[in-house]
>>> print(open('final-v5.pdb').read())   # PDB, C-alpha atoms
ATOM      1  CA  MET A   1      -4.828 247.526  -8.973  1.00  0.00           C
ATOM      2  CA  ALA A   2      -3.856 243.935  -8.143  1.00  0.00           C
ATOM      3  CA  THR A   3      -4.364 241.348 -10.871  1.00  0.00           C
ATOM      4  CA  ARG A   4      -5.417 237.771 -10.341  1.00  0.00           C
ATOM      5  CA  SER A   5      -3.028 234.964 -11.148  1.00  0.00           C
ATOM      6  CA  PRO A   6      -3.882 232.760 -14.150  1.00  0.00           C
ATOM      7  CA  SER A   7      -4.909 229.948 -11.752  1.00  0.00           C
ATOM      8  CA  THR A   8      -7.729 232.019 -10.266  1.00  0.00           C
ATOM      9  CA  ARG A   9      -8.702 234.252 -13.196  1.00  0.00           C
ATOM     10  CA  ARG A  10     -12.278 233.593 -14.242  1.00  0.00           C
ATOM     11  CA  SER A  11     -13.054 232.752 -17.856  1.00  0.00           C
ATOM     12  CA  GLY A  12     -16.094 233.459 -19.971  1.00  0.00           C
ATOM     13  CA  ARG A  13     -17.310 229.831 -19.765  1.00  0.00           C
ATOM     14  CA  ASN A  14     -19.769 229.791 -16.873  1.00  0.00           C
ATOM     15  CA  GLY A  15     -17.244 231.686 -14.747  1.00  0.00           C
ATOM     16  CA  ARG A  16     -14.989 228.630 -14.406  1.00  0.00           C
ATOM     17  CA  THR A  17     -11.204 228.963 -14.273  1.00  0.00           C
ATOM     18  CA  ALA A  18      -8.968 227.386 -16.875  1.00  0.00           C
ATOM     19  CA  ARG A  19      -7.778 224.925 -14.234  1.00  0.00           C
ATOM     20  CA  GLU A  20     -11.324 223.819 -13.424  1.00  0.00           C
ATOM     21  CA  ARG A  21     -12.177 223.428 -17.104  1.00  0.00           C
ATOM     22  CA  LEU A  22      -9.059 221.325 -17.675  1.00  0.00           C
ATOM     23  CA  LEU A  23     -10.034 219.032 -14.791  1.00  0.00           C
ATOM     24  CA  ASP A  24     -13.602 218.680 -16.094  1.00  0.00           C
ATOM     25  CA  ALA A  25     -12.480 217.985 -19.657  1.00  0.00           C
ATOM     26  CA  ALA A  26      -9.770 215.537 -18.594  1.00  0.00           C
ATOM     27  CA  GLU A  27     -12.161 213.639 -16.314  1.00  0.00           C
ATOM     28  CA  ARG A  28     -14.689 213.238 -19.117  1.00  0.00           C
ATOM     29  CA  LEU A  29     -12.143 212.282 -21.790  1.00  0.00           C
ATOM     30  CA  PHE A  30     -10.221 209.848 -19.577  1.00  0.00           C
ATOM     31  CA  ALA A  31     -13.550 208.193 -18.677  1.00  0.00           C
ATOM     32  CA  ASP A  32     -14.502 207.818 -22.355  1.00  0.00           C
ATOM     33  CA  ALA A  33     -11.177 206.811 -23.914  1.00  0.00           C
ATOM     34  CA  GLY A  34      -8.814 205.856 -21.089  1.00  0.00           C
ATOM     35  CA  TYR A  35      -5.580 207.514 -20.066  1.00  0.00           C
ATOM     36  CA  ASN A  36      -3.609 206.314 -23.076  1.00  0.00           C
ATOM     37  CA  GLY A  37      -6.407 207.139 -25.502  1.00  0.00           C
ATOM     38  CA  VAL A  38      -6.359 210.864 -24.750  1.00  0.00           C
ATOM     39  CA  SER A  39      -3.738 213.374 -25.844  1.00  0.00           C
ATOM     40  CA  VAL A  40      -2.827 216.711 -24.290  1.00  0.00           C
ATOM     41  CA  ARG A  41      -4.229 218.404 -27.409  1.00  0.00           C
ATOM     42  CA  ASP A  42      -7.557 216.598 -26.929  1.00  0.00           C
ATOM     43  CA  ILE A  43      -7.815 217.922 -23.377  1.00  0.00           C
ATOM     44  CA  VAL A  44      -6.946 221.568 -24.107  1.00  0.00           C
ATOM     45  CA  SER A  45      -9.281 221.573 -27.101  1.00  0.00           C
ATOM     46  CA  ALA A  46     -12.202 220.259 -25.020  1.00  0.00           C
ATOM     47  CA  ALA A  47     -11.404 222.745 -22.239  1.00  0.00           C
ATOM     48  CA  GLY A  48     -11.078 225.687 -24.635  1.00  0.00           C
ATOM     49  CA  VAL A  49      -7.627 226.719 -23.413  1.00  0.00           C
ATOM     50  CA  ASN A  50      -4.231 227.060 -25.055  1.00  0.00           C
ATOM     51  CA  LEU A  51      -1.624 224.293 -25.198  1.00  0.00           C
ATOM     52  CA  GLY A  52       0.487 225.843 -22.460  1.00  0.00           C
ATOM     53  CA  ALA A  53      -2.292 225.590 -19.852  1.00  0.00           C
ATOM     54  CA  ILE A  54      -1.528 222.016 -18.794  1.00  0.00           C
ATOM     55  CA  PRO A  55       2.206 222.622 -18.157  1.00  0.00           C
ATOM     56  CA  TYR A  56       1.326 225.853 -16.336  1.00  0.00           C
ATOM     57  CA  HIS A  57      -1.339 224.395 -14.007  1.00  0.00           C
ATOM     58  CA  PHE A  58      -0.257 220.761 -13.641  1.00  0.00           C
ATOM     59  CA  GLY A  59       3.184 220.293 -15.146  1.00  0.00           C
ATOM     60  CA  THR A  60       2.455 217.019 -16.932  1.00  0.00           C
ATOM     61  CA  LYS A  61      -0.404 214.889 -18.190  1.00  0.00           C
ATOM     62  CA  GLU A  62       0.386 212.406 -15.402  1.00  0.00           C
ATOM     63  CA  ASN A  63      -0.064 215.079 -12.734  1.00  0.00           C
ATOM     64  CA  LEU A  64      -3.322 216.190 -14.345  1.00  0.00           C
ATOM     65  CA  PHE A  65      -4.600 212.592 -14.153  1.00  0.00           C
ATOM     66  CA  LYS A  66      -3.726 212.467 -10.451  1.00  0.00           C
ATOM     67  CA  GLU A  67      -5.424 215.788  -9.760  1.00  0.00           C
ATOM     68  CA  VAL A  68      -8.602 214.551 -11.453  1.00  0.00           C
ATOM     69  CA  PHE A  69      -8.706 211.752  -8.853  1.00  0.00           C
ATOM     70  CA  TYR A  70      -7.627 213.848  -5.871  1.00  0.00           C
ATOM     71  CA  ARG A  71     -10.368 216.396  -6.586  1.00  0.00           C
ATOM     72  CA  ARG A  72     -13.005 213.731  -5.865  1.00  0.00           C
ATOM     73  CA  ALA A  73     -11.113 211.313  -3.621  1.00  0.00           C
ATOM     74  CA  ILE A  74      -9.873 213.711  -0.925  1.00  0.00           C
ATOM     75  CA  PRO A  75     -13.371 214.972   0.027  1.00  0.00           C
ATOM     76  CA  LEU A  76     -14.588 211.353  -0.012  1.00  0.00           C
ATOM     77  CA  GLN A  77     -11.878 210.312   2.412  1.00  0.00           C
ATOM     78  CA  ALA A  78     -12.726 213.200   4.711  1.00  0.00           C
ATOM     79  CA  GLU A  79     -16.396 212.222   4.681  1.00  0.00           C
ATOM     80  CA  ARG A  80     -15.576 208.569   5.366  1.00  0.00           C
ATOM     81  CA  GLU A  81     -13.425 209.524   8.332  1.00  0.00           C
ATOM     82  CA  ALA A  82     -16.222 211.742   9.690  1.00  0.00           C
ATOM     83  CA  HIS A  83     -18.698 208.862   9.353  1.00  0.00           C
ATOM     84  CA  LEU A  84     -16.284 206.516  11.122  1.00  0.00           C
ATOM     85  CA  ARG A  85     -15.752 208.932  14.009  1.00  0.00           C
ATOM     86  CA  ARG A  86     -19.495 209.320  14.432  1.00  0.00           C
ATOM     87  CA  ILE A  87     -20.274 205.590  14.474  1.00  0.00           C
ATOM     88  CA  GLN A  88     -17.386 205.013  16.889  1.00  0.00           C
ATOM     89  CA  GLU A  89     -18.869 207.576  19.273  1.00  0.00           C
ATOM     90  CA  GLU A  90     -22.437 206.316  18.891  1.00  0.00           C
ATOM     91  CA  SER A  91     -21.435 202.685  19.442  1.00  0.00           C
ATOM     92  CA  GLY A  92     -19.096 203.305  22.358  1.00  0.00           C
ATOM     93  CA  GLY A  93     -16.140 202.185  20.268  1.00  0.00           C
ATOM     94  CA  LYS A  94     -17.810 198.925  19.174  1.00  0.00           C
ATOM     95  CA  PRO A  95     -19.401 199.515  15.756  1.00  0.00           C
ATOM     96  CA  THR A  96     -20.909 196.609  13.841  1.00  0.00           C
ATOM     97  CA  LEU A  97     -19.388 195.377  10.601  1.00  0.00           C
ATOM     98  CA  GLU A  98     -22.453 196.689   8.743  1.00  0.00           C
ATOM     99  CA  ASP A  99     -21.946 200.152  10.262  1.00  0.00           C
ATOM    100  CA  VAL A 100     -18.305 200.229   9.173  1.00  0.00           C
ATOM    101  CA  LEU A 101     -19.213 199.085   5.653  1.00  0.00           C
ATOM    102  CA  TRP A 102     -21.877 201.787   5.416  1.00  0.00           C
ATOM    103  CA  ALA A 103     -19.437 204.477   6.589  1.00  0.00           C
ATOM    104  CA  LEU A 104     -16.878 203.370   3.996  1.00  0.00           C
ATOM    105  CA  LEU A 105     -19.200 202.787   1.038  1.00  0.00           C
ATOM    106  CA  GLU A 106     -22.030 205.322   1.323  1.00  0.00           C
ATOM    107  CA  PRO A 107     -19.945 208.424   0.502  1.00  0.00           C
ATOM    108  CA  VAL A 108     -18.374 206.922  -2.606  1.00  0.00           C
ATOM    109  CA  PHE A 109     -21.625 205.373  -3.895  1.00  0.00           C
ATOM    110  CA  ARG A 110     -23.474 208.664  -3.470  1.00  0.00           C
ATOM    111  CA  ALA A 111     -20.698 210.886  -4.805  1.00  0.00           C
ATOM    112  CA  THR A 112     -20.001 208.829  -7.908  1.00  0.00           C
ATOM    113  CA  ARG A 113     -23.703 208.836  -8.787  1.00  0.00           C
ATOM    114  CA  GLY A 114     -23.489 212.613  -8.802  1.00  0.00           C
ATOM    115  CA  HIS A 115     -20.388 212.624 -11.010  1.00  0.00           C
ATOM    116  CA  ASP A 116     -21.026 210.198 -13.844  1.00  0.00           C
ATOM    117  CA  ALA A 117     -17.698 210.778 -15.602  1.00  0.00           C
ATOM    118  CA  PHE A 118     -15.697 210.113 -12.437  1.00  0.00           C
ATOM    119  CA  ARG A 119     -17.711 206.955 -11.738  1.00  0.00           C
ATOM    120  CA  ARG A 120     -16.854 205.607 -15.185  1.00  0.00           C
ATOM    121  CA  LEU A 121     -13.239 206.741 -14.898  1.00  0.00           C
ATOM    122  CA  LEU A 122     -12.806 205.054 -11.518  1.00  0.00           C
ATOM    123  CA  GLY A 123     -14.066 201.748 -12.883  1.00  0.00           C
ATOM    124  CA  ARG A 124     -12.034 201.994 -16.064  1.00  0.00           C
ATOM    125  CA  ALA A 125      -8.755 203.066 -14.470  1.00  0.00           C
ATOM    126  CA  SER A 126      -9.003 200.506 -11.660  1.00  0.00           C
ATOM    127  CA  MET A 127      -9.133 197.693 -14.209  1.00  0.00           C
ATOM    128  CA  ASP A 128      -6.702 199.145 -16.761  1.00  0.00           C
ATOM    129  CA  PRO A 129      -3.829 196.654 -17.206  1.00  0.00           C
ATOM    130  CA  THR A 130      -1.351 199.069 -18.786  1.00  0.00           C
ATOM    131  CA  ARG A 131       1.807 199.793 -16.837  1.00  0.00           C
ATOM    132  CA  GLU A 132       1.410 203.581 -16.921  1.00  0.00           C
ATOM    133  CA  VAL A 133      -2.087 203.542 -15.420  1.00  0.00           C
ATOM    134  CA  ARG A 134      -1.282 200.883 -12.817  1.00  0.00           C
ATOM    135  CA  LYS A 135       1.685 203.005 -11.703  1.00  0.00           C
ATOM    136  CA  LEU A 136      -0.429 206.160 -11.478  1.00  0.00           C
ATOM    137  CA  MET A 137      -3.220 204.428  -9.535  1.00  0.00           C
ATOM    138  CA  ALA A 138      -0.657 203.017  -7.080  1.00  0.00           C
ATOM    139  CA  GLU A 139       0.737 206.530  -6.569  1.00  0.00           C
ATOM    140  CA  ILE A 140      -2.757 207.930  -5.950  1.00  0.00           C
ATOM    141  CA  TYR A 141      -4.165 205.221  -3.681  1.00  0.00           C
ATOM    142  CA  THR A 142      -1.231 204.686  -1.347  1.00  0.00           C
ATOM    143  CA  PRO A 143      -1.677 202.586   1.837  1.00  0.00           C
ATOM    144  CA  ASP A 144      -1.652 205.784   3.916  1.00  0.00           C
ATOM    145  CA  PHE A 145      -4.347 207.372   1.763  1.00  0.00           C
ATOM    146  CA  THR A 146      -6.696 204.384   1.551  1.00  0.00           C
ATOM    147  CA  VAL A 147      -8.888 204.013   4.633  1.00  0.00           C
ATOM    148  CA  VAL A 148     -10.968 200.947   3.612  1.00  0.00           C
ATOM    149  CA  PRO A 149      -8.378 198.192   4.301  1.00  0.00           C
ATOM    150  CA  LYS A 150      -7.289 199.712   7.622  1.00  0.00           C
ATOM    151  CA  GLU A 151     -10.801 199.989   9.047  1.00  0.00           C
ATOM    152  CA  LEU A 152     -11.970 196.593   7.838  1.00  0.00           C
ATOM    153  CA  ARG A 153      -8.818 194.934   9.143  1.00  0.00           C
ATOM    154  CA  LYS A 154      -9.595 196.237  12.632  1.00  0.00           C
ATOM    155  CA  ILE A 155     -13.066 194.721  12.674  1.00  0.00           C
ATOM    156  CA  CYS A 156     -12.023 191.510  10.883  1.00  0.00           C
ATOM    157  CA  ALA A 157      -8.980 190.888  13.072  1.00  0.00           C
ATOM    158  CA  GLN A 158      -9.902 187.204  13.428  1.00  0.00           C
ATOM    159  CA  LEU A 159      -9.232 186.496   9.746  1.00  0.00           C
ATOM    160  CA  PRO A 160      -5.826 185.155   8.690  1.00  0.00           C
ATOM    161  CA  GLU A 161      -3.984 187.606   6.474  1.00  0.00           C
ATOM    162  CA  GLU A 162      -4.452 185.652   3.238  1.00  0.00           C
ATOM    163  CA  ASP A 163      -8.194 185.222   3.813  1.00  0.00           C
ATOM    164  CA  PHE A 164      -8.650 188.875   4.696  1.00  0.00           C
ATOM    165  CA  TYR A 165      -6.953 190.176   1.565  1.00  0.00           C
ATOM    166  CA  TRP A 166      -8.792 187.742  -0.692  1.00  0.00           C
ATOM    167  CA  ARG A 167     -12.087 188.911   0.785  1.00  0.00           C
ATOM    168  CA  LEU A 168     -10.995 192.537   0.461  1.00  0.00           C
ATOM    169  CA  ASN A 169     -10.202 191.832  -3.190  1.00  0.00           C
ATOM    170  CA  CYS A 170     -13.749 190.512  -3.668  1.00  0.00           C
ATOM    171  CA  LEU A 171     -15.150 193.579  -1.898  1.00  0.00           C
ATOM    172  CA  TYR A 172     -13.352 195.901  -4.323  1.00  0.00           C
ATOM    173  CA  GLY A 173     -14.664 193.827  -7.225  1.00  0.00           C
ATOM    174  CA  VAL A 174     -18.255 194.263  -6.045  1.00  0.00           C
ATOM    175  CA  MET A 175     -17.775 197.995  -5.437  1.00  0.00           C
ATOM    176  CA  LEU A 176     -16.291 198.653  -8.863  1.00  0.00           C
ATOM    177  CA  PHE A 177     -18.824 196.563 -10.760  1.00  0.00           C
ATOM    178  CA  VAL A 178     -21.833 198.137  -9.043  1.00  0.00           C
ATOM    179  CA  GLN A 179     -20.415 201.633  -9.490  1.00  0.00           C
ATOM    180  CA  ALA A 180     -19.548 201.017 -13.143  1.00  0.00           C
ATOM    181  CA  ASP A 181     -23.227 200.234 -13.868  1.00  0.00           C
ATOM    182  CA  THR A 182     -22.400 198.726 -17.274  1.00  0.00           C
ATOM    183  CA  GLY A 183     -26.006 197.708 -17.976  1.00  0.00           C
ATOM    184  CA  LYS A 184     -25.105 194.022 -18.042  1.00  0.00           C
ATOM    185  CA  ILE A 185     -27.601 193.108 -15.312  1.00  0.00           C
ATOM    186  CA  GLN A 186     -30.393 194.835 -17.248  1.00  0.00           C
ATOM    187  CA  THR A 187     -29.850 192.430 -20.142  1.00  0.00           C
ATOM    188  CA  ILE A 188     -30.643 189.609 -17.703  1.00  0.00           C
ATOM    189  CA  ALA A 189     -33.227 191.139 -15.360  1.00  0.00           C
ATOM    190  CA  GLY A 190     -34.860 193.597 -17.754  1.00  0.00           C
ATOM    191  CA  SER A 191     -34.809 197.357 -18.126  1.00  0.00           C
ATOM    192  CA  ARG A 192     -36.987 197.918 -15.026  1.00  0.00           C
ATOM    193  CA  PHE A 193     -34.105 196.736 -12.814  1.00  0.00           C
ATOM    194  CA  ASP A 194     -32.678 200.075 -11.642  1.00  0.00           C
ATOM    195  CA  THR A 195     -29.135 200.232 -10.251  1.00  0.00           C
ATOM    196  CA  ARG A 196     -28.838 204.023 -10.194  1.00  0.00           C
ATOM    197  CA  SER A 197     -29.996 204.625  -6.614  1.00  0.00           C
ATOM    198  CA  PRO A 198     -27.149 204.555  -4.041  1.00  0.00           C
ATOM    199  CA  GLU A 199     -29.631 203.758  -1.261  1.00  0.00           C
ATOM    200  CA  ILE A 200     -30.992 200.694  -3.047  1.00  0.00           C
ATOM    201  CA  ALA A 201     -27.495 199.546  -4.019  1.00  0.00           C
ATOM    202  CA  LEU A 202     -26.230 199.766  -0.436  1.00  0.00           C
ATOM    203  CA  LYS A 203     -29.332 197.974   0.874  1.00  0.00           C
ATOM    204  CA  HIS A 204     -28.245 194.896  -1.095  1.00  0.00           C
ATOM    205  CA  VAL A 205     -24.467 195.291  -1.222  1.00  0.00           C
ATOM    206  CA  ILE A 206     -23.775 195.740   2.508  1.00  0.00           C
ATOM    207  CA  PRO A 207     -25.462 192.506   3.741  1.00  0.00           C
ATOM    208  CA  PHE A 208     -23.780 190.591   0.902  1.00  0.00           C
ATOM    209  CA  LEU A 209     -20.309 191.895   1.768  1.00  0.00           C
ATOM    210  CA  ALA A 210     -20.839 191.466   5.517  1.00  0.00           C
ATOM    211  CA  ALA A 211     -21.789 187.820   5.006  1.00  0.00           C
ATOM    212  CA  GLY A 212     -18.670 187.261   2.929  1.00  0.00           C
ATOM    213  CA  LEU A 213     -16.383 188.874   5.494  1.00  0.00           C
ATOM    214  CA  ARG A 214     -17.997 186.885   8.322  1.00  0.00           C
ATOM    215  CA  ALA A 215     -17.874 183.530   6.539  1.00  0.00           C
ATOM    216  CA  PRO A 216     -15.925 180.928   8.548  1.00  0.00           C
ATOM    217  CA  VAL A 217     -12.415 180.145   7.428  1.00  0.00           C
ATOM    218  CA  ARG A 218     -12.206 176.669   5.993  1.00  0.00           C
ATOM    219  CA  LYS A 219      -9.169 174.489   6.304  1.00  0.00           C
ATOM    220  CA  ARG A 220      -7.413 174.174   3.002  1.00  0.00           C
ATOM    221  CA  GLN A 221      -7.045 170.639   1.732  1.00  0.00           C
ATOM    222  CA  ARG A 222      -4.437 169.891  -0.824  1.00  0.00           C
ATOM    223  CA  PRO A 223      -5.848 168.057  -3.842  1.00  0.00           C
ATOM    224  CA  ALA A 224      -4.959 164.355  -3.915  1.00  0.00           C
ATOM    225  CA  ARG A 225      -1.978 163.676  -6.137  1.00  0.00           C
ATOM    226  CA  THR A 226      -2.222 160.741  -8.496  1.00  0.00           C
ATOM    227  CA  ALA A 227       0.973 159.398  -9.943  1.00  0.00           C
ATOM    228  CA  PRO A 228       0.985 159.152 -13.758  1.00  0.00           C
ATOM    229  CA  PRO A 229       1.215 155.593 -15.130  1.00  0.00           C
ATOM    230  CA  ARG A 230       4.744 154.402 -15.706  1.00  0.00           C
ATOM    231  CA  ALA A 231       5.636 154.120 -19.334  1.00  0.00           C
ATOM    232  CA  GLY A 232       7.071 150.599 -18.891  1.00  0.00           C
ATOM    233  CA  ARG A 233       3.949 149.342 -17.148  1.00  0.00           C
ATOM    234  CA  ALA A 234       1.737 150.792 -19.870  1.00  0.00           C
ATOM    235  CA  ARG A 235       3.757 149.072 -22.612  1.00  0.00           C
ATOM    236  CA  ALA A 236       3.714 145.749 -20.752  1.00  0.00           C
ATOM    237  CA  THR A 237      -0.063 145.914 -20.326  1.00  0.00           C
ATOM    238  CA  LYS A 238      -0.535 146.645 -24.010  1.00  0.00           C
ATOM    239  CA  SER A 239       1.752 143.754 -25.059  1.00  0.00           C
ATOM    240  CA  ARG A 240      -0.357 141.272 -23.082  1.00  0.00           C
ATOM    241  CA  ARG A 241      -3.451 142.235 -25.017  1.00  0.00           C
ATOM    242  CA  GLY A 242      -4.329 140.186 -28.009  1.00  0.00           C
ATOM    243  CA  PRO A 243      -5.140 141.486 -31.487  1.00  0.00           C
ATOM    244  CA  GLY A 244      -8.338 143.492 -31.593  1.00  0.00           C
ATOM    245  CA  GLN A 245      -8.396 144.184 -27.843  1.00  0.00           C
ATOM    246  CA  ASP A 246      -7.208 147.819 -28.038  1.00  0.00           C
TER     247      ASP A 246
END
>>> encode(input="final-v5.pdb", output="structure tokens")
Amino acid sequence: MATRSPSTRRSGRNGRTARERLLDAAERLFADAGYNGVSVRDIVSAAGVNLGAIPYHFGTKENLFKEVFYRRAIPLQAEREAHLRRIQEESGGKPTLEDVLWALLEPVFRATRGHDAFRRLLGRASMDPTREVRKLMAEIYTPDFTVVPKELRKICAQLPEEDFYWRLNCLYGVMLFVQADTGKIQTIAGSRFDTRSPEIALKHVIPFLAAGLRAPVRKRQRPARTAPPRAGRARATKSRRGPGQD
């Protein structure tokens, strides 16, 4: 009788494989303590597997971190692309900026609300300044993999490059802050202010981002330069003053 490989063999924990349990445990622990705050032993202990499971299924801790992201990000990208194809067809190839923003943001807002640990991990890892995490995030979200800049650049073709990327930077800031849902706004607006609904979030976020992307480009004016006073002139002025005039 054929036997299943370790990667597909079901365990006694809700019928989940060791690989699935490692991904779940790693996602939760990385979200709580950050990449550098979690050890391999922490992950295998939380997953209920032996120490050799990570090398067997993923090779390294770095690869496990990447797989945690790919597990959520690849389906999101596929859904975004499906949304984009549909709005292109429905609009005759001329979608509005709001339609493109909805196609790009709705899947990730909805999906991260359904996976709280990944939502927190995405916010934490995106703002982690350590070299290891920045390197890993750059390897995950390559230009070929990331669809947001490409689609927005098409519809914002009138913007100079510097303006476009600054506005894209602001867009990512809004996305990450709203998704992180840190509770900061509740301390200002009160506990009845609910940010958990993706539909309500998008209702406010999309018009805000569209207005920012559509804002006219202003000519940059260099600040006026004022020459510092010459030391000789300052001494001469002081010498002409009488006693008690300083």
>>> atom_distance(input="final-v5.pdb", atom1="atom CA of A:Lys219", atom2="atom CA of A:Cys170")
19.4 Å
>>> resolve_selection(input="final-v5.pdb", expression="the PyMOL selection byres ((chain A and resi 98-104) around 6)", output="ChimeraX atom specification")
/A:80,83-84,96-97,105-106
>>> resolve_selection(input="final-v5.pdb", expression="the PyMOL selection byres ((chain A and resi 177) around 12)", output="list in words")
Phe109, Arg119, Arg120, Leu122, Gly123, Arg124, Ser126, Met127, Cys170, Leu171, Tyr172, Gly173, Val174, Met175, Leu176, Val178, Gln179, Ala180, Asp181, Thr182, Gly183, Lys184, Ile185, Thr195, Ala201 and Val205 of chain A
>>> residues_around(input="final-v5.pdb", residues="stretch 153-165 of chain A", least_positions_apart="3", cutoff="10 Å", atoms="all atoms listed in the file", output="number ranges by chain")
A: 94-97, 100, 148-150, 168-171, 213-218
>>> residues_around(input="final-v5.pdb", residues="A:Phe69", least_positions_apart="2", cutoff="10 Å", atoms="all atoms listed in the file", output="PyMOL selection string")
chain A and resi 23+27+64-67+71-74+118+121-122+137+140-141
>>> atom_distance(input="final-v5.pdb", atom1="atom CA of A:Gly48", atom2="atom CA of A:Ala18")
8.2 Å
>>> atom_distance(input="final-v5.pdb", atom1="atom CA of A:Val38", atom2="atom CA of A:Leu76")
26.1 Å
>>> resolve_selection(input="final-v5.pdb", expression="the PyMOL selection byres ((chain A and resi 22) around 9)", output="ChimeraX atom specification")
/A:17-21,23-27,43-44,46-49,53-54,64
>>> closest_residue(input="final-v5.pdb", among="A:Val147, A:Val68, A:Ala111, A:Ile206", to="A:Ala125", atoms="all atoms listed in the file")
A:Val68
